[in-house]
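Listing of start-v7.pdb; format and content: PDB, C-alpha atoms.
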MODEL        1
ATOM      1  CA  MET A  81       6.835 -25.649  29.741
ATOM      2  CA  ALA A  82       9.420 -27.788  27.969
ATOM      3  CA  SER A  83       6.966 -30.649  27.510
ATOM      4  CA  ARG A  84       4.334 -28.318  26.103
ATOM      5  CA  ARG A  85       6.862 -26.859  23.698
ATOM      6  CA  LEU A  86       7.779 -30.338  22.484
ATOM      7  CA  LEU A  87       4.106 -31.192  22.087
ATOM      8  CA  LEU A  88       3.438 -28.106  19.983
ATOM      9  CA  GLN A  89       6.520 -28.678  17.871
ATOM     10  CA  ALA A  90       5.517 -32.278  17.249
ATOM     11  CA  ALA A  91       1.982 -31.260  16.374
ATOM     12  CA  ALA A  92       3.234 -28.606  13.965
ATOM     13  CA  ALA A  93       5.544 -31.130  12.338
ATOM     14  CA  GLY A  94       2.620 -33.514  11.950
ATOM     15  CA  VAL A  95       0.513 -30.856  10.285
ATOM     16  CA  LEU A  96       3.385 -29.989   7.980
ATOM     17  CA  SER A  97       3.826 -33.596   6.918
ATOM     18  CA  LEU A  98       0.100 -33.924   6.250
ATOM     19  CA  ALA A  99       0.065 -30.697   4.254
ATOM     20  CA  LEU A 100       3.160 -31.335   2.157
ATOM     21  CA  PRO A 101       1.384 -33.267  -0.634
ATOM     22  CA  GLY A 102      -0.643 -30.132  -1.368
ATOM     23  CA  CYS A 103       2.202 -27.751  -0.601
ATOM     24  CA  THR A 104       3.307 -27.305  -4.185
ATOM     25  CA  ARG A 105       4.719 -24.101  -5.528
ATOM     26  CA  VAL A 106       2.469 -22.150  -7.842
ATOM     27  CA  ASP A 107       2.983 -19.965 -10.871
ATOM     28  CA  LEU A 108       3.866 -16.568  -9.404
ATOM     29  CA  SER A 109       3.714 -14.544 -12.612
ATOM     30  CA  ALA A 110       1.703 -11.376 -12.169
ATOM     31  CA  GLU A 111      -2.026 -11.789 -12.727
ATOM     32  CA  PRO A 112      -3.987  -9.042 -14.471
ATOM     33  CA  ASN A 113      -7.129  -7.339 -13.201
ATOM     34  CA  GLY A 114      -6.602  -8.055  -9.515
ATOM     35  CA  GLY A 115      -5.773 -11.746  -9.727
ATOM     36  CA  SER A 116      -7.759 -14.989  -9.934
ATOM     37  CA  LEU A 117      -6.722 -16.600  -6.648
ATOM     38  CA  LEU A 118     -10.248 -16.623  -5.204
ATOM     39  CA  ASP A 119     -11.597 -18.491  -8.229
ATOM     40  CA  ARG A 120      -8.818 -21.074  -7.964
ATOM     41  CA  LEU A 121      -9.397 -21.576  -4.248
ATOM     42  CA  ARG A 122     -13.136 -22.050  -4.798
ATOM     43  CA  GLN A 123     -12.408 -24.697  -7.423
ATOM     44  CA  LYS A 124     -10.070 -26.562  -5.068
ATOM     45  CA  GLY A 125     -12.264 -25.975  -2.003
ATOM     46  CA  GLU A 126      -9.243 -25.234   0.158
ATOM     47  CA  VAL A 127      -6.771 -22.499   1.032
ATOM     48  CA  ARG A 128      -3.201 -22.997   2.265
ATOM     49  CA  ILE A 129      -2.571 -20.719   5.235
ATOM     50  CA  GLY A 130       0.940 -19.986   6.490
ATOM     51  CA  PHE A 131       1.233 -19.549  10.253
ATOM     52  CA  ALA A 132       3.972 -19.288  12.864
ATOM     53  CA  ASN A 133       2.526 -21.434  15.687
ATOM     54  CA  GLU A 134       2.302 -18.392  17.959
ATOM     55  CA  ALA A 135      -0.558 -18.215  20.435
ATOM     56  CA  PRO A 136      -3.001 -16.556  20.523
ATOM     57  CA  TYR A 137      -2.805 -15.753  16.788
ATOM     58  CA  SER A 138      -2.505 -19.086  14.951
ATOM     59  CA  PHE A 139      -1.222 -22.205  16.667
ATOM     60  CA  ILE A 140      -1.607 -25.952  16.962
ATOM     61  CA  ASN A 141      -3.470 -26.913  20.132
ATOM     62  CA  SER A 142      -3.095 -30.069  22.220
ATOM     63  CA  GLU A 143      -5.536 -31.866  19.891
ATOM     64  CA  ALA A 144      -3.268 -31.101  16.918
ATOM     65  CA  GLU A 145      -5.840 -28.647  15.529
ATOM     66  CA  LEU A 146      -5.157 -25.221  14.082
ATOM     67  CA  THR A 147      -6.818 -22.496  16.138
ATOM     68  CA  GLY A 148      -6.251 -18.961  17.392
ATOM     69  CA  GLU A 149      -7.344 -15.452  16.428
ATOM     70  CA  ALA A 150      -6.220 -15.520  12.804
ATOM     71  CA  ALA A 151      -7.086 -19.175  12.245
ATOM     72  CA  GLU A 152     -10.656 -18.808  13.482
ATOM     73  CA  VAL A 153     -11.247 -15.596  11.524
ATOM     74  CA  ALA A 154      -9.863 -17.298   8.429
ATOM     75  CA  LYS A 155     -12.181 -20.283   8.861
ATOM     76  CA  VAL A 156     -15.241 -18.032   8.973
ATOM     77  CA  VAL A 157     -14.241 -15.614   6.214
ATOM     78  CA  PHE A 158     -13.051 -18.228   3.732
ATOM     79  CA  ALA A 159     -16.146 -20.361   4.349
ATOM     80  CA  ARG A 160     -18.265 -17.315   3.474
ATOM     81  CA  LEU A 161     -16.152 -16.860   0.340
ATOM     82  CA  GLY A 162     -16.881 -20.430  -0.738
ATOM     83  CA  VAL A 163     -13.606 -22.008   0.411
ATOM     84  CA  PRO A 164     -14.527 -24.456   3.187
ATOM     85  CA  ASN A 165     -11.173 -26.044   4.037
ATOM     86  CA  LEU A 166      -7.940 -24.655   5.512
ATOM     87  CA  VAL A 167      -4.615 -26.411   4.954
ATOM     88  CA  PRO A 168      -2.207 -25.159   7.657
ATOM     89  CA  ILE A 169       1.452 -24.731   6.693
ATOM     90  CA  PRO A 170       3.713 -23.986   9.707
ATOM     91  CA  SER A 171       6.690 -21.648   9.318
ATOM     92  CA  GLU A 172       8.964 -19.490  11.415
ATOM     93  CA  PHE A 173       7.489 -16.003  11.678
ATOM     94  CA  GLY A 174      10.477 -14.389   9.980
ATOM     95  CA  SER A 175      10.084 -16.703   6.961
ATOM     96  CA  LEU A 176       6.374 -16.189   6.326
ATOM     97  CA  ILE A 177       6.646 -13.481   3.671
ATOM     98  CA  ALA A 178       9.385 -15.396   1.863
ATOM     99  CA  GLY A 179       7.203 -18.510   1.935
ATOM    100  CA  LEU A 180       4.271 -16.608   0.482
ATOM    101  CA  LYS A 181       6.459 -15.200  -2.286
ATOM    102  CA  VAL A 182       7.679 -18.624  -3.411
ATOM    103  CA  GLY A 183       4.173 -20.089  -3.352
ATOM    104  CA  LEU A 184       4.338 -22.347  -0.294
ATOM    105  CA  PHE A 185       0.968 -20.999   0.825
ATOM    106  CA  ASP A 186      -1.823 -18.749  -0.432
ATOM    107  CA  VAL A 187      -2.183 -16.404   2.527
ATOM    108  CA  ILE A 188      -0.371 -15.512   5.740
ATOM    109  CA  GLY A 189      -2.644 -15.840   8.763
ATOM    110  CA  ALA A 190      -0.438 -15.164  11.756
ATOM    111  CA  GLY A 191      -1.620 -11.906  13.301
ATOM    112  CA  MET A 192       1.114 -10.148  11.321
ATOM    113  CA  SER A 193       1.456  -6.429  12.048
ATOM    114  CA  ILE A 194       0.724  -4.228   9.056
ATOM    115  CA  LEU A 195       3.863  -2.143   8.528
ATOM    116  CA  PRO A 196       4.964   0.093   5.630
ATOM    117  CA  LYS A 197       8.041  -2.024   4.920
ATOM    118  CA  ARG A 198       5.888  -5.165   4.756
ATOM    119  CA  CYS A 199       3.306  -3.382   2.608
ATOM    120  CA  LYS A 200       6.017  -3.042  -0.052
ATOM    121  CA  GLN A 201       6.205  -6.834  -0.274
ATOM    122  CA  VAL A 202       2.667  -8.108   0.290
ATOM    123  CA  LEU A 203      -0.948  -6.932   0.056
ATOM    124  CA  PHE A 204      -2.647  -6.765   3.453
ATOM    125  CA  THR A 205      -6.301  -7.037   4.318
ATOM    126  CA  ASN A 206      -7.697  -4.519   6.764
ATOM    127  CA  PRO A 207      -6.704  -5.388  10.335
ATOM    128  CA  ASP A 208      -8.959  -7.460  12.553
ATOM    129  CA  PHE A 209      -7.355  -6.258  15.797
ATOM    130  CA  ILE A 210      -5.052  -3.669  17.335
ATOM    131  CA  ALA A 211      -2.600  -4.593  20.075
ATOM    132  CA  PRO A 212      -0.427  -2.306  22.212
ATOM    133  CA  ALA A 213       3.073  -3.395  23.173
ATOM    134  CA  ALA A 214       4.296  -4.430  26.620
ATOM    135  CA  PHE A 215       7.275  -6.048  28.335
ATOM    136  CA  LEU A 216       7.552  -9.301  30.228
ATOM    137  CA  VAL A 217       9.765  -8.520  33.229
ATOM    138  CA  PRO A 218      10.700 -10.011  36.615
ATOM    139  CA  ARG A 219       7.984  -9.601  39.232
ATOM    140  CA  GLY A 220       8.060  -6.107  40.686
ATOM    141  CA  ASN A 221       9.687  -4.744  37.518
ATOM    142  CA  PRO A 222      12.975  -4.019  39.330
ATOM    143  CA  LYS A 223      14.433  -2.076  36.377
ATOM    144  CA  GLY A 224      11.315   0.092  36.098
ATOM    145  CA  ILE A 225      10.886  -0.603  32.378
ATOM    146  CA  ARG A 226       7.909   1.059  30.686
ATOM    147  CA  THR A 227       9.057   2.062  27.182
ATOM    148  CA  PHE A 228      11.686   1.220  24.571
ATOM    149  CA  ALA A 229      13.329   4.579  25.230
ATOM    150  CA  GLU A 230      13.925   3.569  28.852
ATOM    151  CA  VAL A 231      15.522   0.302  27.742
ATOM    152  CA  ALA A 232      17.918   2.388  25.622
ATOM    153  CA  GLN A 233      18.665   4.983  28.309
ATOM    154  CA  ARG A 234      19.556   2.304  30.857
ATOM    155  CA  ASN A 235      21.458   0.114  28.357
ATOM    156  CA  LEU A 236      19.351  -2.901  29.299
ATOM    157  CA  LYS A 237      19.119  -6.256  27.540
ATOM    158  CA  MET A 238      15.893  -7.240  25.860
ATOM    159  CA  GLY A 239      14.460 -10.103  23.844
ATOM    160  CA  VAL A 240      12.109 -10.052  20.857
ATOM    161  CA  LEU A 241      10.641 -12.622  18.496
ATOM    162  CA  ILE A 242      12.487 -13.341  15.257
ATOM    163  CA  GLY A 243      11.064 -11.086  12.555
ATOM    164  CA  ALA A 244       8.764  -9.200  14.936
ATOM    165  CA  VAL A 245       8.259  -5.438  14.805
ATOM    166  CA  GLU A 246       9.345  -4.845  18.403
ATOM    167  CA  LYS A 247      12.993  -4.952  17.334
ATOM    168  CA  ASP A 248      12.364  -2.091  14.898
ATOM    169  CA  TYR A 249      10.691  -0.032  17.609
ATOM    170  CA  ALA A 250      13.563  -0.694  20.001
ATOM    171  CA  VAL A 251      16.282   0.265  17.510
ATOM    172  CA  ALA A 252      14.368   3.390  16.468
ATOM    173  CA  ASN A 253      14.278   4.413  20.130
ATOM    174  CA  GLY A 254      18.024   4.000  20.560
ATOM    175  CA  VAL A 255      18.424   0.443  21.836
ATOM    176  CA  ARG A 256      21.710  -0.947  20.555
ATOM    177  CA  GLN A 257      21.293  -4.027  18.375
ATOM    178  CA  SER A 258      23.956  -5.790  20.422
ATOM    179  CA  ARG A 259      21.588  -5.557  23.429
ATOM    180  CA  ILE A 260      18.708  -7.218  21.535
ATOM    181  CA  THR A 261      18.340 -10.985  21.156
ATOM    182  CA  ALA A 262      15.792 -12.545  18.829
ATOM    183  CA  TYR A 263      14.061 -15.719  20.023
ATOM    184  CA  GLN A 264      12.225 -18.311  17.991
ATOM    185  CA  ASN A 265       9.094 -18.402  20.147
ATOM    186  CA  GLN A 266       7.367 -17.009  23.220
ATOM    187  CA  PRO A 267       8.409 -19.775  25.658
ATOM    188  CA  SER A 268      12.065 -19.099  24.823
ATOM    189  CA  GLY A 269      11.590 -15.386  25.546
ATOM    190  CA  LEU A 270       9.867 -16.121  28.837
ATOM    191  CA  GLU A 271      12.662 -18.490  29.869
ATOM    192  CA  ALA A 272      15.307 -15.872  28.996
ATOM    193  CA  VAL A 273      13.720 -13.340  31.367
ATOM    194  CA  ASN A 274      13.041 -15.966  34.014
ATOM    195  CA  THR A 275      16.708 -17.002  34.059
ATOM    196  CA  GLY A 276      18.051 -13.440  34.007
ATOM    197  CA  ARG A 277      19.563 -13.554  30.520
ATOM    198  CA  GLU A 278      17.291 -10.688  29.500
ATOM    199  CA  ASP A 279      15.932  -7.735  31.465
ATOM    200  CA  ALA A 280      12.722  -7.813  29.439
ATOM    201  CA  PHE A 281      10.959  -9.550  26.572
ATOM    202  CA  ALA A 282       8.967  -7.250  24.268
ATOM    203  CA  LEU A 283       5.854  -8.346  22.446
ATOM    204  CA  THR A 284       2.190  -7.401  22.157
ATOM    205  CA  SER A 285       0.367  -7.345  25.474
ATOM    206  CA  ILE A 286      -2.052  -9.972  24.119
ATOM    207  CA  SER A 287       0.744 -12.449  23.386
ATOM    208  CA  LEU A 288       2.418 -11.824  26.722
ATOM    209  CA  ARG A 289      -0.831 -12.365  28.644
ATOM    210  CA  ASP A 290      -1.232 -15.644  26.819
ATOM    211  CA  ILE A 291       2.231 -17.021  27.546
ATOM    212  CA  LEU A 292       2.269 -15.872  31.169
ATOM    213  CA  GLY A 293      -1.168 -17.412  31.698
ATOM    214  CA  LYS A 294       0.283 -20.742  30.588
ATOM    215  CA  ASN A 295       3.117 -20.403  33.131
ATOM    216  CA  PRO A 296       1.339 -19.218  36.299
ATOM    217  CA  GLY A 297       4.240 -20.178  38.564
ATOM    218  CA  ALA A 298       6.781 -17.979  36.809
ATOM    219  CA  PRO A 299       7.891 -15.008  38.985
ATOM    220  CA  LEU A 300       7.215 -12.574  36.166
ATOM    221  CA  GLU A 301       4.747  -9.828  35.296
ATOM    222  CA  ILE A 302       3.619  -7.761  32.320
ATOM    223  CA  THR A 303       4.155  -4.021  32.222
ATOM    224  CA  THR A 304       1.376  -1.552  31.431
ATOM    225  CA  PRO A 305       0.523  -1.775  27.697
ATOM    226  CA  PHE A 306       1.582   1.208  25.586
ATOM    227  CA  VAL A 307       1.649   2.404  21.979
ATOM    228  CA  PRO A 308       5.298   2.724  20.887
ATOM    229  CA  GLU A 309       6.425   5.980  19.347
ATOM    230  CA  VAL A 310       9.029   6.710  16.677
ATOM    231  CA  ASP A 311      10.041  10.346  16.260
ATOM    232  CA  GLY A 312       7.060  11.297  18.386
ATOM    233  CA  LYS A 313       4.556   9.465  16.165
ATOM    234  CA  PRO A 314       2.483   6.510  17.461
ATOM    235  CA  GLN A 315       3.168   3.122  15.889
ATOM    236  CA  TYR A 316       0.004   1.065  15.966
ATOM    237  CA  SER A 317       0.418  -2.701  15.977
ATOM    238  CA  SER A 318      -2.578  -3.957  14.026
ATOM    239  CA  GLY A 319      -2.659  -7.436  12.571
ATOM    240  CA  GLY A 320      -4.099  -8.578   9.266
ATOM    241  CA  PHE A 321      -3.838 -11.262   6.599
ATOM    242  CA  ALA A 322      -1.309 -11.003   3.768
ATOM    243  CA  PHE A 323      -1.573 -12.009   0.104
ATOM    244  CA  LEU A 324       0.689 -11.544  -2.902
ATOM    245  CA  PRO A 325       0.571  -7.976  -4.275
ATOM    246  CA  ASP A 326      -1.277  -8.969  -7.473
ATOM    247  CA  GLN A 327      -4.291 -10.419  -5.635
ATOM    248  CA  ALA A 328      -6.424  -7.333  -5.027
ATOM    249  CA  ASN A 329      -9.682  -9.163  -5.826
ATOM    250  CA  ILE A 330      -9.459 -11.640  -2.963
ATOM    251  CA  VAL A 331      -8.314  -8.911  -0.562
ATOM    252  CA  ALA A 332     -11.373  -6.811  -1.466
ATOM    253  CA  ALA A 333     -13.651  -9.822  -0.953
ATOM    254  CA  PHE A 334     -11.966 -10.657   2.345
ATOM    255  CA  ASN A 335     -12.315  -7.051   3.549
ATOM    256  CA  LYS A 336     -16.026  -7.058   2.720
ATOM    257  CA  GLU A 337     -16.660 -10.148   4.848
ATOM    258  CA  LEU A 338     -14.438  -8.825   7.640
ATOM    259  CA  ALA A 339     -16.397  -5.573   7.711
ATOM    260  CA  GLU A 340     -19.615  -7.549   8.162
ATOM    261  CA  LEU A 341     -18.090  -9.481  11.069
ATOM    262  CA  LYS A 342     -17.099  -6.208  12.730
ATOM    263  CA  LYS A 343     -20.491  -4.589  12.157
ATOM    264  CA  SER A 344     -22.434  -7.546  13.581
ATOM    265  CA  GLY A 345     -20.174  -7.997  16.596
ATOM    266  CA  GLU A 346     -19.322 -11.535  15.515
ATOM    267  CA  LEU A 347     -15.642 -10.692  15.195
ATOM    268  CA  LEU A 348     -15.321  -9.956  18.904
ATOM    269  CA  ARG A 349     -17.192 -13.168  19.738
ATOM    270  CA  ILE A 350     -14.680 -15.092  17.622
ATOM    271  CA  LEU A 351     -11.654 -13.414  19.228
ATOM    272  CA  ARG A 352     -12.798 -13.222  22.861
ATOM    273  CA  PRO A 353     -11.757 -16.819  23.735
ATOM    274  CA  PHE A 354      -8.178 -15.869  22.824
ATOM    275  CA  GLY A 355      -7.961 -12.926  25.225
ATOM    276  CA  PHE A 356      -9.169 -10.143  22.933
ATOM    277  CA  THR A 357     -11.546  -7.494  24.239
ATOM    278  CA  GLU A 358     -13.434  -4.482  22.914
ATOM    279  CA  ALA A 359     -10.216  -2.490  23.461
ATOM    280  CA  GLU A 360      -8.513  -4.549  20.736
ATOM    281  CA  MET A 361     -11.172  -3.858  18.100
ATOM    282  CA  THR A 362     -10.237  -1.298  15.443
ATOM    283  CA  ASP A 363     -11.583   0.549  12.407
ATOM    284  CA  LEU A 364      -8.123   1.330  11.063
ATOM    285  CA  THR A 365      -7.523   0.323   7.450
ATOM    286  CA  ALA A 366      -4.549  -1.302   5.783
ATOM    287  CA  GLN A 367      -4.109   1.836   3.682
ATOM    288  CA  GLN A 368      -3.756   3.970   6.799
ATOM    289  CA  LEU A 369      -1.271   1.594   8.385
ATOM    290  CA  CYS A 370       0.770   1.202   5.208
ATOM    291  CA  THR A 371       1.374   4.951   4.987
ATOM    292  CA  VAL A 372       2.407   5.791   8.566
ATOM    293  CA  PRO A 373       6.024   6.991   9.081
ATOM    294  CA  GLU A 374       8.350   4.017   9.181
ATOM    295  CA  ALA A 375      10.239   2.985  12.295
TER
ENDMDL
END
In C-alpha cells, how does this file's structure come out?
Amino acid sequence: MASRRLLLQAAAAGVLSLALPGCTRVDLSAEPNGGSLLDRLRQKGEVRIGFANEAPYSFINSEAELTGEAAEVAKVVFARLGVPNLVPIPSEFGSLIAGLKVGLFDVIGAGMSILPKRCKQVLFTNPDFIAPAAFLVPRGNPKGIRTFAEVAQRNLKMGVLIGAVEKDYAVANGVRQSRITAYQNQPSGLEAVNTGREDAFALTSISLRDILGKNPGAPLEITTPFVPEVDGKPQYSSGGFAFLPDQANIVAAFNKELAELKKSGELLRILRPFGFTEAEMTDLTAQQLCTVPEA
C-alpha cells in the first residue's frame, strides 16, 4: 500500500511539473452573456482540469495517465465540444475550488458532490452519478455502525477526507468535531481504521469499494450503503464538474453532451470499469441539488 501511494504521488508530481508551463493564471473578471471560456478552449485545443488523485473519480494510474470516472467523462465530452486535449492539474481535494477561483485550472473534474454551499462558489454541471455513503470498518463491524447518528450516539471516532461532505453530514447528525479526523487520501483513512486509530472511515460506497479492492488482505469491510439524512431530509451525494460562476455557456454545452451520453447508455459504459452500476445513474439536476436543505 505504501509503495503504491508513493507511486501515485510521484506520478501526480510528474504530471504537475509537465503541466506547469501551461498552468498560468487567467483574467478572472466577470464575463458577460454567459462567458467565453468554451471559445478560448477551442482556440487552444486544450482544457486544464483540476483533480484530487482520488480513485475511482480522477487519478493517475500506474502508467502515469489520468483516468477515472470524471477524467474519462471529461475526455469524451470535451472532445465532442471541440477541445481534444486535457491538461491534468493535481490538487488536494479541499483546495480545488480555491484553485479554480485563482485560475489554476478551467474546470474541476474530481467527482465533487454538488452541495448548496459549493453552489454559492462555483457553477456545477448536472451530475453524472449518484453515490450513497458507507463506512469502512473492522471486519464484522464490531461497533455496529450503520449511520452517522449511531457514530454520534456511541461517541465513536471516525475519519473523513479533507474537504469531503461526510464531515458535514457527521456534524449535522451530532458527531463532535473532536471525534472526527480529516485524512489527505483514501489509503490514509484505510490505515487509520486498520490500526485502530479510527472506528470507521466515511466516504462514498464507490470510493470505499475501490480502496478495499486494492487492499484485499486488510481485515476490513464496508457497511451497507445509505443516503445520509439531515433533519429528516435525504442528502444525495451526486458528483459533477465545476466551473466559475460566470461560465454558464460552457456549462449548458457540457450538460447537453452529458444528456446525450445518458440517453444513449454510453455514460454507463464509460463508468462501469470504475465500479459504477445502473444504481449509480441519476436524472437529478444541479439545480435540484443546489437547492436542497443544507447540512
### Message
Need the shell around Asp186 (chain A): protein/DNA/RNA residues with any atom at most 9 Å away, counting all atoms listed in the file. Skip same-chain ones fewer than 3 positions apart. Format as a list in words?
### Response
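So the residues in contact are Leu117, Leu121, Val127, Arg128, Ile129, Gly130, Leu180, Gly183, Ala322, Phe323 and Leu324 of chain A.
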### Query
CA of Val163 (chain A) and CA of Ile330 (chain A), how far apart in Å?
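Atom-to-atom, CA of Ile330 (chain A) to CA of Val163 (chain A), that is 11.7 Å.
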### Task
Would you please work out which residue, of A:Gln266, A:Gly345, A:Asn221, A:Ala151, is nearest to Ile188 (chain A) when using only C-alpha atoms?
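Closest to Ile188 (chain A) of all the choices is A:Ala151.
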### Task
Evaluate the PyMOL selection byres ((chain A and resi 132) around 7) on the structure here and hand back the selected residues as a list of chain:residue names.
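Output from the PyMOL selection byres ((chain A and resi 132) around 7), applied to this file: A:Phe131, A:Asn133, A:Glu134, A:Ser138, A:Pro170, A:Ser171, A:Glu172, A:Phe173, A:Ala190.
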### Task
Could you please determine the separation between CA of Glu149 (chain A) and CA of Pro207 (chain A) in Å, to one decimal place?
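Interatomic distance here is 11.8 Å.
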### Query
Where does the PyMOL selection byres ((chain A and resi 225) around 12) land in this file, that is, which residues does it pick, as a PyMOL selection string?
chain A and resi 214-224+226-238+279-282+301-306
### Message
Just the number, please: distance in Å from CA of Gly297 (chain A) to CA of Leu270 (chain A), one decimal.
### Response
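According to the coordinates, CA of Gly297 (chain A) and CA of Leu270 (chain A) are separated by 11.9 Å.
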### Message
My list of candidates is A:Thr371, A:Ser285, A:Thr275, A:Ser193. Which is closest to Gly243 (chain A) when distances are computed with only C-alpha atoms?
### Response
A:Ser193
### Query
Pick from A:Gly355, A:Ile194, A:Glu246, A:Gln201: nearest to Gly293 (chain A), with only C-alpha atoms counted?
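Selected residue with least distance to Gly293 (chain A): A:Gly355.
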### Message
Which residues are near region 153-157 of chain A? Cut-off 12 Å, only C-alpha atoms, ignore same chain within fewer than 3 positions. Put them as a ChimeraX atom specification.
### Response
/A:126-131,137-138,146-150,160-168,187-191,205,207-209,319-322,330-331,333-342,346-352,354
Please report, as lines of an AutoDock Vina configuration file, the centre and edge lengths in Å to one decimal of an axis-aligned box covering all listed atoms of region 241-259 of chain A with 4 Å per side.
center_x = 16.1
center_y = -4.5
center_z = 18.0
size_x = 23.7
size_y = 25.8
size_z = 18.9
### Query
Hey, which of A:Val310, A:Leu364, A:Ala213, A:Leu288 ends up closest to Gly254 (chain A)? Count all atoms listed in the file.
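Using all atoms listed in the file, Gly254 (chain A) sits closest to A:Val310.
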